[in-house]
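Novice: Contents of final-v4.pdb (PDB, C-alpha atoms):
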```pdb
MODEL        1
ATOM      1  CA  MET Z1476      76.148  73.970 128.226
ATOM      2  CA  ARG Z1477      77.512  75.176 124.893
ATOM      3  CA  SER Z1478      75.339  74.957 121.779
ATOM      4  CA  ALA Z1479      75.534  75.784 118.083
ATOM      5  CA  ILE Z1480      73.307  75.944 115.020
ATOM      6  CA  TYR Z1481      75.310  74.465 112.161
ATOM      7  CA  GLY Z1482      73.922  75.644 108.840
ATOM      8  CA  ALA Z1483      72.270  78.800 110.163
ATOM      9  CA  GLY Z1484      70.426  79.878 107.031
ATOM     10  CA  SER Z1485      66.916  81.340 107.118
ATOM     11  CA  LEU Z1486      65.437  78.906 109.667
ATOM     12  CA  GLY Z1487      68.595  78.627 111.757
ATOM     13  CA  THR Z1488      69.163  82.369 111.904
ATOM     14  CA  ILE Z1489      65.632  82.979 113.170
ATOM     15  CA  LEU Z1490      65.890  80.150 115.700
ATOM     16  CA  GLY Z1491      69.236  81.513 116.888
ATOM     17  CA  ALA Z1492      67.836  85.022 117.179
ATOM     18  CA  PHE Z1493      64.973  83.776 119.368
ATOM     19  CA  ILE Z1494      67.254  81.690 121.610
ATOM     20  CA  THR Z1495      69.688  84.563 122.099
ATOM     21  CA  ARG Z1496      66.878  87.087 122.591
ATOM     22  CA  ASN Z1497      65.492  84.971 125.432
ATOM     23  CA  GLY Z1498      68.774  84.483 127.273
ATOM     24  CA  GLY Z1499      70.090  81.277 125.738
ATOM     25  CA  GLN Z1500      73.598  80.610 124.435
ATOM     26  CA  VAL Z1501      73.997  79.512 120.826
ATOM     27  CA  ASP Z1502      76.543  80.125 118.059
ATOM     28  CA  LEU Z1503      75.289  80.572 114.503
ATOM     29  CA  ILE Z1504      77.601  78.792 112.040
ATOM     30  CA  ASN Z1505      77.388  79.094 108.270
ATOM     31  CA  ARG Z1506      79.611  78.685 105.200
ATOM     32  CA  ASN Z1507      78.166  81.879 103.696
ATOM     33  CA  LYS Z1508      80.782  84.487 104.624
ATOM     34  CA  ALA Z1509      78.609  87.433 103.562
ATOM     35  CA  HIS Z1510      75.781  86.227 105.803
ATOM     36  CA  VAL Z1511      78.118  85.682 108.768
ATOM     37  CA  GLU Z1512      79.735  89.097 108.327
ATOM     38  CA  ALA Z1513      76.299  90.736 108.228
ATOM     39  CA  LEU Z1514      75.288  88.901 111.414
ATOM     40  CA  LYS Z1515      78.476  90.011 113.136
ATOM     41  CA  ALA Z1516      78.083  93.622 112.056
ATOM     42  CA  ASN Z1517      74.340  94.170 112.314
ATOM     43  CA  GLY Z1518      72.867  91.229 114.238
ATOM     44  CA  ALA Z1519      70.085  88.983 112.968
ATOM     45  CA  THR Z1520      67.174  90.896 111.458
ATOM     46  CA  VAL Z1521      63.846  89.039 111.472
ATOM     47  CA  THR Z1522      61.077  90.333 109.188
ATOM     48  CA  GLY Z1523      57.708  89.008 108.017
ATOM     49  CA  THR Z1524      55.060  87.934 110.500
ATOM     50  CA  LEU Z1525      57.357  89.159 113.316
ATOM     51  CA  ASN Z1526      59.894  91.985 113.212
ATOM     52  CA  PHE Z1527      62.938  92.431 115.451
ATOM     53  CA  ASN Z1528      66.722  92.663 115.425
ATOM     54  CA  GLN Z1529      68.958  90.663 117.750
ATOM     55  CA  LYS Z1530      72.705  90.689 118.319
ATOM     56  CA  VAL Z1531      74.019  87.114 117.889
ATOM     57  CA  ASN Z1532      77.262  85.150 118.012
ATOM     58  CA  ALA Z1533      78.154  84.054 114.481
ATOM     59  CA  CYS Z1534      81.123  82.432 112.759
ATOM     60  CA  THR Z1535      82.051  80.643 109.571
ATOM     61  CA  VAL Z1536      82.742  76.912 109.440
ATOM     62  CA  ASP Z1537      86.482  77.647 109.339
ATOM     63  CA  GLU Z1538      86.210  79.741 112.508
ATOM     64  CA  MET Z1539      84.648  76.966 114.606
ATOM     65  CA  GLU Z1540      86.543  76.099 117.780
ATOM     66  CA  GLY Z1541      85.959  74.330 121.069
ATOM     67  CA  ILE Z1542      83.518  71.604 122.039
ATOM     68  CA  TYR Z1543      79.714  71.765 121.934
ATOM     69  CA  ASP Z1544      77.191  69.901 124.064
ATOM     70  CA  ILE Z1545      74.383  70.427 121.539
ATOM     71  CA  ILE Z1546      74.688  70.990 117.788
ATOM     72  CA  PHE Z1547      71.496  71.745 115.887
ATOM     73  CA  LEU Z1548      72.046  70.492 112.320
ATOM     74  CA  MET Z1549      70.218  72.610 109.716
ATOM     75  CA  THR Z1550      72.211  72.103 106.514
ATOM     76  CA  LYS Z1551      70.899  70.452 103.351
ATOM     77  CA  GLN Z1552      71.049  66.663 103.502
ATOM     78  CA  GLN Z1553      73.078  66.217 100.326
ATOM     79  CA  GLN Z1554      76.311  66.829 102.257
ATOM     80  CA  ASN Z1555      75.369  64.997 105.471
ATOM     81  CA  VAL Z1556      78.220  62.480 105.378
ATOM     82  CA  GLU Z1557      80.834  65.211 104.977
ATOM     83  CA  VAL Z1558      79.143  67.653 107.360
ATOM     84  CA  VAL Z1559      78.420  65.233 110.207
ATOM     85  CA  ASN Z1560      81.924  63.764 110.026
ATOM     86  CA  HIS Z1561      83.199  67.335 110.390
ATOM     87  CA  ILE Z1562      81.008  68.446 113.285
ATOM     88  CA  LYS Z1563      81.568  65.257 115.304
ATOM     89  CA  ASN Z1564      85.075  66.603 115.944
ATOM     90  CA  PHE Z1565      83.455  69.485 117.861
ATOM     91  CA  LEU Z1566      80.900  67.356 119.730
ATOM     92  CA  ALA Z1567      81.312  66.480 123.415
ATOM     93  CA  GLU Z1568      81.518  62.784 124.284
ATOM     94  CA  ASP Z1569      78.044  63.006 125.801
ATOM     95  CA  GLY Z1570      76.890  65.666 123.323
ATOM     96  CA  VAL Z1571      74.045  65.344 120.814
ATOM     97  CA  VAL Z1572      73.428  66.268 117.204
ATOM     98  CA  VAL Z1573      69.823  67.419 116.822
ATOM     99  CA  THR Z1574      68.848  67.263 113.162
ATOM    100  CA  LEU Z1575      66.156  69.715 112.076
ATOM    101  CA  GLN Z1576      66.439  68.623 108.459
ATOM    102  CA  ASN Z1577      63.690  67.431 106.137
ATOM    103  CA  GLY Z1578      62.923  63.806 105.410
ATOM    104  CA  ILE Z1579      64.178  61.133 107.817
ATOM    105  CA  PRO Z1580      67.885  62.002 108.316
ATOM    106  CA  GLU Z1581      68.347  60.428 111.766
ATOM    107  CA  LEU Z1582      69.403  57.047 110.365
ATOM    108  CA  GLN Z1583      72.331  58.504 108.436
ATOM    109  CA  VAL Z1584      73.381  60.866 111.240
ATOM    110  CA  SER Z1585      73.301  58.091 113.840
ATOM    111  CA  GLU Z1586      75.544  55.901 111.674
ATOM    112  CA  ILE Z1587      78.262  58.569 112.049
ATOM    113  CA  VAL Z1588      77.919  59.864 115.629
ATOM    114  CA  GLY Z1589      76.006  56.973 117.223
ATOM    115  CA  GLU Z1590      72.342  56.476 118.016
ATOM    116  CA  GLU Z1591      72.779  57.683 121.599
ATOM    117  CA  ARG Z1592      74.121  61.021 120.314
ATOM    118  CA  THR Z1593      71.403  61.589 117.699
ATOM    119  CA  MET Z1594      68.081  63.365 118.182
ATOM    120  CA  GLY Z1595      65.552  64.584 115.655
ATOM    121  CA  CYS Z1596      63.290  67.606 115.592
ATOM    122  CA  THR Z1597      60.512  68.572 113.206
ATOM    123  CA  VAL Z1598      59.835  72.252 112.579
ATOM    124  CA  ALA Z1599      56.308  73.427 111.842
ATOM    125  CA  TRP Z1600      57.192  76.860 110.426
ATOM    126  CA  GLY Z1601      59.069  78.336 107.485
ATOM    127  CA  ALA Z1602      61.366  81.194 106.549
ATOM    128  CA  THR Z1603      63.185  82.790 103.616
ATOM    129  CA  MET Z1604      66.529  84.573 103.521
ATOM    130  CA  LYS Z1605      65.988  88.000 101.979
ATOM    131  CA  GLU Z1606      69.618  89.156 102.067
ATOM    132  CA  PRO Z1607      72.700  88.512 104.230
ATOM    133  CA  GLY Z1608      71.686  88.896 107.877
ATOM    134  CA  VAL Z1609      67.991  89.402 107.050
ATOM    135  CA  CYS Z1610      65.490  86.510 107.195
ATOM    136  CA  GLU Z1611      61.729  86.600 106.687
ATOM    137  CA  LEU Z1612      59.473  84.509 108.930
ATOM    138  CA  THR Z1613      56.713  83.284 106.591
ATOM    139  CA  SER Z1614      54.538  81.413 109.119
ATOM    140  CA  GLU Z1615      52.177  82.873 111.698
ATOM    141  CA  PRO Z1616      53.588  83.394 115.224
ATOM    142  CA  ASP Z1617      51.233  80.804 116.740
ATOM    143  CA  SER Z1618      52.704  78.087 114.493
ATOM    144  CA  LEU Z1619      56.256  78.272 115.883
ATOM    145  CA  THR Z1620      56.266  74.744 117.293
ATOM    146  CA  PHE Z1621      58.665  71.787 117.443
ATOM    147  CA  SER Z1622      58.394  68.017 117.926
ATOM    148  CA  LEU Z1623      61.428  66.404 119.516
ATOM    149  CA  GLY Z1624      62.434  62.760 119.782
ATOM    150  CA  ASN Z1625      64.534  59.971 118.317
ATOM    151  CA  LEU Z1626      63.934  56.853 116.285
ATOM    152  CA  SER Z1627      64.764  54.469 119.149
ATOM    153  CA  GLY Z1628      62.208  55.976 121.532
ATOM    154  CA  LYS Z1629      64.743  55.792 124.371
ATOM    155  CA  PRO Z1630      65.182  58.838 126.644
ATOM    156  CA  ASN Z1631      68.291  60.939 126.036
ATOM    157  CA  PRO Z1632      70.107  62.704 128.916
ATOM    158  CA  LYS Z1633      70.288  65.890 126.848
ATOM    159  CA  THR Z1634      66.548  66.004 126.043
ATOM    160  CA  ALA Z1635      65.702  68.508 128.789
ATOM    161  CA  ALA Z1636      68.489  70.881 127.732
ATOM    162  CA  VAL Z1637      67.539  70.704 124.043
ATOM    163  CA  LYS Z1638      63.878  71.251 124.888
ATOM    164  CA  GLU Z1639      64.732  74.267 127.051
ATOM    165  CA  LEU Z1640      66.608  75.943 124.183
ATOM    166  CA  LEU Z1641      63.872  75.294 121.613
ATOM    167  CA  GLU Z1642      61.199  76.565 123.997
ATOM    168  CA  MET Z1643      62.872  79.965 123.828
ATOM    169  CA  MET Z1644      61.174  80.175 120.426
ATOM    170  CA  GLY Z1645      58.029  78.087 120.779
ATOM    171  CA  PRO Z1646      56.251  75.060 122.299
ATOM    172  CA  VAL Z1647      58.070  71.706 122.141
ATOM    173  CA  GLU Z1648      56.299  68.349 122.114
ATOM    174  CA  LEU Z1649      58.287  65.301 123.224
ATOM    175  CA  ASP Z1650      57.235  62.584 120.837
ATOM    176  CA  ALA Z1651      57.457  58.854 121.632
ATOM    177  CA  ASN Z1652      56.350  57.998 118.066
ATOM    178  CA  PHE Z1653      58.938  60.217 116.407
ATOM    179  CA  ILE Z1654      58.901  58.290 113.118
ATOM    180  CA  GLY Z1655      55.183  59.108 112.913
ATOM    181  CA  THR Z1656      55.975  62.774 113.486
ATOM    182  CA  ARG Z1657      58.660  62.668 110.806
ATOM    183  CA  TRP Z1658      56.081  61.289 108.386
ATOM    184  CA  SER Z1659      53.550  63.992 109.274
ATOM    185  CA  LYS Z1660      56.152  66.632 108.330
ATOM    186  CA  LEU Z1661      57.160  64.624 105.262
ATOM    187  CA  LEU Z1662      53.508  64.543 104.177
ATOM    188  CA  ILE Z1663      53.346  68.347 104.236
ATOM    189  CA  ASN Z1664      56.737  68.763 102.586
ATOM    190  CA  SER Z1665      56.122  66.282  99.790
ATOM    191  CA  ALA Z1666      52.795  67.892  98.945
ATOM    192  CA  PHE Z1667      53.381  71.608  99.466
ATOM    193  CA  SER Z1668      57.163  71.955  99.178
ATOM    194  CA  GLY Z1669      57.087  69.652  96.165
ATOM    195  CA  MET Z1670      54.420  71.663  94.372
ATOM    196  CA  SER Z1671      55.878  75.001  95.475
ATOM    197  CA  ALA Z1672      59.100  74.000  93.680
ATOM    198  CA  VAL Z1673      57.349  72.528  90.635
ATOM    199  CA  LEU Z1674      55.086  75.562  90.177
ATOM    200  CA  GLY Z1675      57.381  78.331  91.422
ATOM    201  CA  CYS Z1676      54.855  79.601  93.947
ATOM    202  CA  THR Z1677      53.947  79.828  97.634
ATOM    203  CA  PHE Z1678      52.171  77.103  99.583
ATOM    204  CA  GLY Z1679      49.002  79.204  99.542
ATOM    205  CA  GLU Z1680      49.092  79.627  95.770
ATOM    206  CA  ALA Z1681      49.597  75.882  95.271
ATOM    207  CA  ALA Z1682      46.509  75.234  97.413
ATOM    208  CA  ALA Z1683      44.363  77.989  95.850
ATOM    209  CA  ASP Z1684      44.637  76.828  92.234
ATOM    210  CA  LYS Z1685      42.169  73.979  91.774
ATOM    211  CA  LYS Z1686      44.303  72.009  89.315
ATOM    212  CA  SER Z1687      47.400  72.143  91.498
ATOM    213  CA  ARG Z1688      45.263  71.385  94.561
ATOM    214  CA  LYS Z1689      44.272  68.094  92.913
ATOM    215  CA  VAL Z1690      47.950  67.174  92.737
ATOM    216  CA  VAL Z1691      48.524  68.318  96.336
ATOM    217  CA  GLN Z1692      45.605  66.140  97.426
ATOM    218  CA  ALA Z1693      46.980  63.147  95.525
ATOM    219  CA  LEU Z1694      50.461  63.640  97.033
ATOM    220  CA  ILE Z1695      48.955  63.710 100.536
ATOM    221  CA  LYS Z1696      46.920  60.584  99.804
ATOM    222  CA  GLU Z1697      50.020  58.718  98.625
ATOM    223  CA  CYS Z1698      51.843  59.533 101.879
ATOM    224  CA  ILE Z1699      48.896  58.339 103.944
ATOM    225  CA  ASP Z1700      48.597  55.144 101.896
ATOM    226  CA  VAL Z1701      52.285  54.191 102.102
ATOM    227  CA  CYS Z1702      52.235  54.726 105.874
ATOM    228  CA  LYS Z1703      49.175  52.506 106.189
ATOM    229  CA  ALA Z1704      50.939  49.847 104.132
ATOM    230  CA  GLY Z1705      54.053  50.186 106.302
ATOM    231  CA  ASN Z1706      52.159  50.191 109.633
ATOM    232  CA  ILE Z1707      53.297  53.720 110.488
ATOM    233  CA  LYS Z1708      50.923  55.910 112.494
ATOM    234  CA  ILE Z1709      51.120  59.500 111.241
ATOM    235  CA  GLU Z1710      51.065  61.846 114.226
ATOM    236  CA  PRO Z1711      48.866  64.977 114.414
ATOM    237  CA  ILE Z1712      50.327  68.283 113.218
ATOM    238  CA  GLN Z1713      49.949  71.091 115.772
ATOM    239  CA  GLY Z1714      47.077  69.181 117.351
ATOM    240  CA  LYS Z1715      45.292  68.461 114.061
ATOM    241  CA  ASP Z1716      44.804  64.866 112.913
ATOM    242  CA  VAL Z1717      45.876  65.281 109.294
ATOM    243  CA  VAL Z1718      44.843  61.739 108.364
ATOM    244  CA  LYS Z1719      41.326  62.181 109.742
ATOM    245  CA  LEU Z1720      41.014  65.561 108.004
ATOM    246  CA  LEU Z1721      42.530  64.799 104.602
ATOM    247  CA  ASP Z1722      42.294  61.047 103.956
ATOM    248  CA  TRP Z1723      39.409  59.834 101.858
ATOM    249  CA  SER Z1724      37.827  56.596 100.680
ATOM    250  CA  ASN Z1725      34.722  57.836  98.841
ATOM    251  CA  PRO Z1726      33.693  60.842  96.676
ATOM    252  CA  ILE Z1727      32.128  62.766  99.574
ATOM    253  CA  LYS Z1728      35.203  62.502 101.817
ATOM    254  CA  LYS Z1729      37.378  63.342  98.815
ATOM    255  CA  ALA Z1730      35.379  66.531  98.213
ATOM    256  CA  VAL Z1731      35.642  67.505 101.897
ATOM    257  CA  SER Z1732      39.403  66.882 101.837
ATOM    258  CA  PHE Z1733      39.735  69.031  98.710
ATOM    259  CA  PHE Z1734      37.821  71.878 100.378
ATOM    260  CA  ILE Z1735      39.867  71.700 103.596
ATOM    261  CA  ILE Z1736      43.355  71.848 102.008
ATOM    262  CA  PRO Z1737      43.587  75.670 101.609
ATOM    263  CA  ILE Z1738      42.231  76.141 105.142
ATOM    264  CA  ALA Z1739      44.691  73.635 106.582
ATOM    265  CA  ILE Z1740      47.709  75.449 105.099
ATOM    266  CA  ARG Z1741      46.558  79.052 105.656
ATOM    267  CA  LYS Z1742      49.040  79.772 108.480
ATOM    268  CA  HIS Z1743      51.860  78.894 106.087
ATOM    269  CA  ALA Z1744      50.330  80.377 102.929
ATOM    270  CA  LEU Z1745      53.238  82.778 102.345
ATOM    271  CA  LEU Z1746      55.904  80.074 102.586
ATOM    272  CA  ARG Z1747      58.102  79.389  99.542
ATOM    273  CA  ALA Z1748      59.706  75.961  99.710
ATOM    274  CA  SER Z1749      63.423  75.753 100.449
ATOM    275  CA  MET Z1750      63.616  73.597  97.302
ATOM    276  CA  LEU Z1751      62.225  76.513  95.292
ATOM    277  CA  GLN Z1752      64.724  78.862  96.916
ATOM    278  CA  ASP Z1753      67.479  76.435  95.859
ATOM    279  CA  LEU Z1754      66.177  76.315  92.285
ATOM    280  CA  ASP Z1755      66.071  80.119  92.190
ATOM    281  CA  LYS Z1756      69.800  80.090  93.055
ATOM    282  CA  GLY Z1757      70.637  77.364  90.535
ATOM    283  CA  LYS Z1758      71.353  74.835  93.288
ATOM    284  CA  LYS Z1759      70.431  71.158  93.571
ATOM    285  CA  THR Z1760      67.421  70.457  95.795
ATOM    286  CA  GLU Z1761      66.592  67.942  98.526
ATOM    287  CA  VAL Z1762      63.787  66.375  96.482
ATOM    288  CA  ASP Z1763      65.295  62.883  96.832
ATOM    289  CA  ALA Z1764      65.196  63.300 100.636
ATOM    290  CA  ILE Z1765      61.577  64.509 100.545
ATOM    291  CA  ASN Z1766      59.340  63.187  97.738
ATOM    292  CA  GLY Z1767      62.000  60.584  96.955
ATOM    293  CA  VAL Z1768      61.629  59.082 100.440
ATOM    294  CA  VAL Z1769      57.893  58.594  99.824
ATOM    295  CA  CYS Z1770      58.648  56.907  96.506
ATOM    296  CA  ALA Z1771      61.311  54.621  98.007
ATOM    297  CA  PHE Z1772      59.126  53.582 100.934
ATOM    298  CA  GLY Z1773      56.204  53.035  98.571
ATOM    299  CA  ARG Z1774      58.318  50.600  96.551
ATOM    300  CA  LYS Z1775      59.376  48.856  99.764
ATOM    301  CA  VAL Z1776      55.789  48.277 100.938
ATOM    302  CA  GLY Z1777      54.292  47.732  97.476
ATOM    303  CA  CYS Z1778      52.276  50.952  97.320
ATOM    304  CA  PRO Z1779      52.399  52.964  94.040
ATOM    305  CA  THR Z1780      53.388  56.657  94.272
ATOM    306  CA  PRO Z1781      52.942  58.033  90.726
ATOM    307  CA  MET Z1782      52.410  61.657  91.802
ATOM    308  CA  ASN Z1783      55.486  61.759  94.031
ATOM    309  CA  ASP Z1784      57.447  60.011  91.257
ATOM    310  CA  LYS Z1785      56.389  62.784  88.878
ATOM    311  CA  VAL Z1786      57.381  65.560  91.293
ATOM    312  CA  VAL Z1787      60.861  64.027  91.619
ATOM    313  CA  GLU Z1788      61.137  63.728  87.837
ATOM    314  CA  ILE Z1789      60.028  67.321  87.174
ATOM    315  CA  ILE Z1790      62.285  68.872  89.811
ATOM    316  CA  HIS Z1791      65.306  66.959  88.518
ATOM    317  CA  LYS Z1792      64.489  68.243  85.018
ATOM    318  CA  ILE Z1793      64.300  71.803  86.377
ATOM    319  CA  GLU Z1794      67.692  71.282  88.042
ATOM    320  CA  ALA Z1795      69.070  70.115  84.676
ATOM    321  CA  GLY Z1796      67.631  73.120  82.835
ATOM    322  CA  GLU Z1797      65.192  70.989  80.828
ATOM    323  CA  LEU Z1798      62.118  72.587  82.448
ATOM    324  CA  SER Z1799      61.318  75.814  84.312
ATOM    325  CA  CYS Z1800      59.258  76.310  87.452
ATOM    326  CA  GLY Z1801      55.702  77.298  86.573
ATOM    327  CA  PHE Z1802      52.054  76.290  86.513
ATOM    328  CA  ASP Z1803      52.594  74.996  82.977
ATOM    329  CA  ASN Z1804      54.161  71.937  84.640
ATOM    330  CA  LEU Z1805      50.678  70.803  85.683
ATOM    331  CA  LYS Z1806      50.311  69.349  82.195
ATOM    332  CA  HIS Z1807      52.838  66.645  83.149
ATOM    333  CA  PHE Z1808      50.545  65.209  85.820
ATOM    334  CA  ASN Z1809      47.832  62.683  85.042
ATOM    335  CA  LEU Z1810      44.877  64.536  86.636
TER     336      LEU Z1810
ENDMDL
END
```
Reformat the file's structure so that it appears as structure tokens.

Specialist:
Amino acid sequence: MRSAIYGAGSLGTILGAFITRNGGQVDLINRNKAHVEALKANGATVTGTLNFNQKVNACTVDEMEGIYDIIFLMTKQQQNVEVVNHIKNFLAEDGVVVTLQNGIPELQVSEIVGEERTMGCTVAWGATMKEPGVCELTSEPDSLTFSLGNLSGKPNPKTAAVKELLEMMGPVELDANFIGTRWSKLLINSAFSGMSAVLGCTFGEAAADKKSRKVVQALIKECIDVCKAGNIKIEPIQGKDVVKLLDWSNPIKKAVSFFIIPIAIRKHALLRASMLQDLDKGKKTEVDAINGVVCAFGRKVGCPTPMNDKVVEIIHKIEAGELSCGFDNLKHFNL
């Protein structure tokens, strides 16, 4: 079995370091030549809540060769059509693309490589690239979990092999209701990644400030409501029933939900959203594939999403240079 992580940035580099450290085979592939050269010369350095260095196999996109049985896709979704059409040339006939991207990318990926060669995986931890070859793990070690599945719910012959590789980093749950798992991750991303980018802060800081926490709570509520309207069952996150904990229908439950939010995110308090990291570098974000998905599905099922709409609007204005990340952006929300 030959495997690769295509788009080995902060998350992919750490995943690759764990797999290699525990005896697995995986190539780390990235367009960033400086990052690849650092990996080749010095190995992958993991800092943060865990610290170690691991020699890895790394190459640039132009240096790719041969056929892979498993390709973990960890690039930004904006280039999915181009990227997936490229990597399918390196995919075995019975190989699989496992997308670890945000949002619900499986539909687009499967249109290119086929449903039978598409799997999805949600990641419950975060990371930041500090410099070429050096990535910071920003989640606690006991949160390094994965949920694996596909939108069809049909078994895939490569499932066992994919699971074995991922388990070299952390526990893997095989999920029959994978769309529900995707929405549980989307709920967290729309609320915390969205506000991390809008405010220019960590997840913990977004939850600690009471004004921003009101927006976080409203973003979570919108996700829960659109799923109810669309008959989607949101799956638990790391064993916690997020709907039971954070949904509300009266003032008392709303107050309890508000109190719980900082506790619920404490293991990921140091995480800075990948969207914020993109904004810091002057890049376009994946907001349309995160908060934008909530908005689009809300329109489809007739459920308003004013807070997610506002997050999308603000982040696009930051991308255009019309606004800056900061807590001053709270004034744009109708609290």

Novice: Show me a table, sorted first by chain and then by increasing residue number, of the residues of stretch 1595-1668 of chain Z having an atom at most 12 Å from stretch 1673-1676 of chain Z, each with its shortest atom pair and the distance in Å to one decimal, counting only C-alpha atoms and written as a Markdown table.

Specialist:
```
| residue | atom | partner | partner_atom | distance |
| --- | --- | --- | --- | --- |
| Z:Ser1665 | CA | Z:Val1673 | CA | 11.2 |
| Z:Ala1666 | CA | Z:Val1673 | CA | 10.5 |
| Z:Phe1667 | CA | Z:Val1673 | CA | 9.7 |
| Z:Ser1668 | CA | Z:Val1673 | CA | 8.6 |
```

Novice: Between atom CA of Z:Leu1810 and atom CA of Z:Asn1783, measure the distance and give it in Å to one decimal.

Specialist: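 Separating atom CA of Z:Leu1810 from atom CA of Z:Asn1783 is a distance of 13.2 Å.
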
Novice: Assuming the chain letters and numbering stay as they are in my file, what does the PyMOL selection byres ((chain Z and resi 1506) around 9) actually select? List them as a PyMOL selection string.

Specialist: chain Z and resi 1482-1483+1504-1505+1507-1511+1534-1537

Novice: Excluding Z:Asn1555 and its own-chain neighbours fewer than 3 positions away, which residues fall within 12 Å of it when counting all atoms listed in the file? Please give them as a PyMOL selection string.

Specialist: chain Z and resi 1481-1482+1548-1552+1558-1563+1572+1574+1576-1577+1580-1588+1761+1764

Novice: Save out the residues we just selected, C-alpha atoms, as a compact mmCIF listing (two decimals), in the coordinates of the input.

Specialist:
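again_25.txt, written as the output of this step:
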```
# COMPACT_ATOMS: atom_id res chain seq x y z
CA TYR Z 1481 75.31 74.46 112.16
CA GLY Z 1482 73.92 75.64 108.84
CA LEU Z 1548 72.05 70.49 112.32
CA MET Z 1549 70.22 72.61 109.72
CA THR Z 1550 72.21 72.10 106.51
CA LYS Z 1551 70.90 70.45 103.35
CA GLN Z 1552 71.05 66.66 103.50
CA VAL Z 1558 79.14 67.65 107.36
CA VAL Z 1559 78.42 65.23 110.21
CA ASN Z 1560 81.92 63.76 110.03
CA HIS Z 1561 83.20 67.33 110.39
CA ILE Z 1562 81.01 68.45 113.28
CA LYS Z 1563 81.57 65.26 115.30
CA VAL Z 1572 73.43 66.27 117.20
CA THR Z 1574 68.85 67.26 113.16
CA GLN Z 1576 66.44 68.62 108.46
CA ASN Z 1577 63.69 67.43 106.14
CA PRO Z 1580 67.89 62.00 108.32
CA GLU Z 1581 68.35 60.43 111.77
CA LEU Z 1582 69.40 57.05 110.36
CA GLN Z 1583 72.33 58.50 108.44
CA VAL Z 1584 73.38 60.87 111.24
CA SER Z 1585 73.30 58.09 113.84
CA GLU Z 1586 75.54 55.90 111.67
CA ILE Z 1587 78.26 58.57 112.05
CA VAL Z 1588 77.92 59.86 115.63
CA GLU Z 1761 66.59 67.94 98.53
CA ALA Z 1764 65.20 63.30 100.64
```

Novice: With only C-alpha atoms counted and 10 Å as the cut-off, give the residues of stretch 1490-1521 of chain Z in contact with stretch 1611-1630 of chain Z, each with its shortest interatomic distance in Å and the pair that gives it, as a Markdown table.

Specialist:
```
| residue | atom | partner | partner_atom | distance |
| --- | --- | --- | --- | --- |
| Z:Leu1490 | CA | Z:Leu1619 | CA | 9.8 |
| Z:Thr1520 | CA | Z:Glu1611 | CA | 8.4 |
| Z:Val1521 | CA | Z:Glu1611 | CA | 5.8 |
```

Novice: If you apply the PyMOL selection byres ((chain Z and resi 1777) around 12) to this file, what residues do you get, as a list of chain:residue names?

Specialist: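 With the shown file as input, the PyMOL selection byres ((chain Z and resi 1777) around 12) matches Z:Glu1697, Z:Asp1700, Z:Val1701, Z:Cys1702, Z:Lys1703, Z:Ala1704, Z:Gly1705, Z:Val1769, Z:Cys1770, Z:Ala1771, Z:Phe1772, Z:Gly1773, Z:Arg1774, Z:Lys1775, Z:Val1776, Z:Cys1778, Z:Pro1779, Z:Thr1780.
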
Novice: Determine the nearest neighbour of Z:Lys1785 from the options Z:Ile1736, Z:Ala1635, Z:Met1670, Z:Ala1748, counting only C-alpha atoms.

Specialist: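 Of Z:Ile1736, Z:Ala1635, Z:Met1670, Z:Ala1748, the one nearest Z:Lys1785, counting only C-alpha atoms, is Z:Met1670.
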
Novice: What separation in Å, quoted to one decimal, exists between atom CA of Z:Thr1760 and atom CA of Z:Glu1794?

Specialist: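 That distance, rounded to one decimal, is 7.8 Å.
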
Novice: Between Z:Trp1723, Z:Ile1480, Z:Ala1730, Z:Thr1524, which has the minimum distance to Z:Thr1603 (counting only C-alpha atoms)?

Specialist: Z:Thr1524

Novice: Report the closest atom pair, with its distance in Å rounded to one decimal, for each residue of stretch 1542-1597 of chain Z that has an atom no farther than 12 Å from stretch 1640-1646 of chain Z; count only C-alpha atoms, sort by chain and then rising residue number, and write it as JSON lines.

Specialist:
```
{"residue": "Z:Ile1545", "atom": "CA", "partner": "Z:Leu1640", "partner_atom": "CA", "distance": 9.9}
{"residue": "Z:Ile1546", "atom": "CA", "partner": "Z:Leu1640", "partner_atom": "CA", "distance": 11.4}
{"residue": "Z:Phe1547", "atom": "CA", "partner": "Z:Leu1641", "partner_atom": "CA", "distance": 10.2}
{"residue": "Z:Val1573", "atom": "CA", "partner": "Z:Leu1641", "partner_atom": "CA", "distance": 11.0}
{"residue": "Z:Leu1575", "atom": "CA", "partner": "Z:Leu1641", "partner_atom": "CA", "distance": 11.3}
{"residue": "Z:Cys1596", "atom": "CA", "partner": "Z:Leu1641", "partner_atom": "CA", "distance": 9.8}
{"residue": "Z:Thr1597", "atom": "CA", "partner": "Z:Leu1641", "partner_atom": "CA", "distance": 11.3}
```

Novice: Please dump the current selection as a PDB file, in the frame of the given file; keep C-alpha atoms.

Specialist:
```pdb
ATOM      1  CA  ILE Z1545      74.383  70.427 121.539  1.00  0.00           C
ATOM      2  CA  ILE Z1546      74.688  70.990 117.788  1.00  0.00           C
ATOM      3  CA  PHE Z1547      71.496  71.745 115.887  1.00  0.00           C
ATOM      4  CA  VAL Z1573      69.823  67.419 116.822  1.00  0.00           C
ATOM      5  CA  LEU Z1575      66.156  69.715 112.076  1.00  0.00           C
ATOM      6  CA  CYS Z1596      63.290  67.606 115.592  1.00  0.00           C
ATOM      7  CA  THR Z1597      60.512  68.572 113.206  1.00  0.00           C
TER       8      THR Z1597
END
```

Novice: Would you list the residues near (70.1, 68.0, 126.9), meaning any protein, DNA or RNA residue with an atom at most 10 Å from that point in file coordinates, counting all atoms listed in the file, as a PyMOL selection string?

Specialist: chain Z and resi 1476+1544-1545+1569-1571+1631-1640
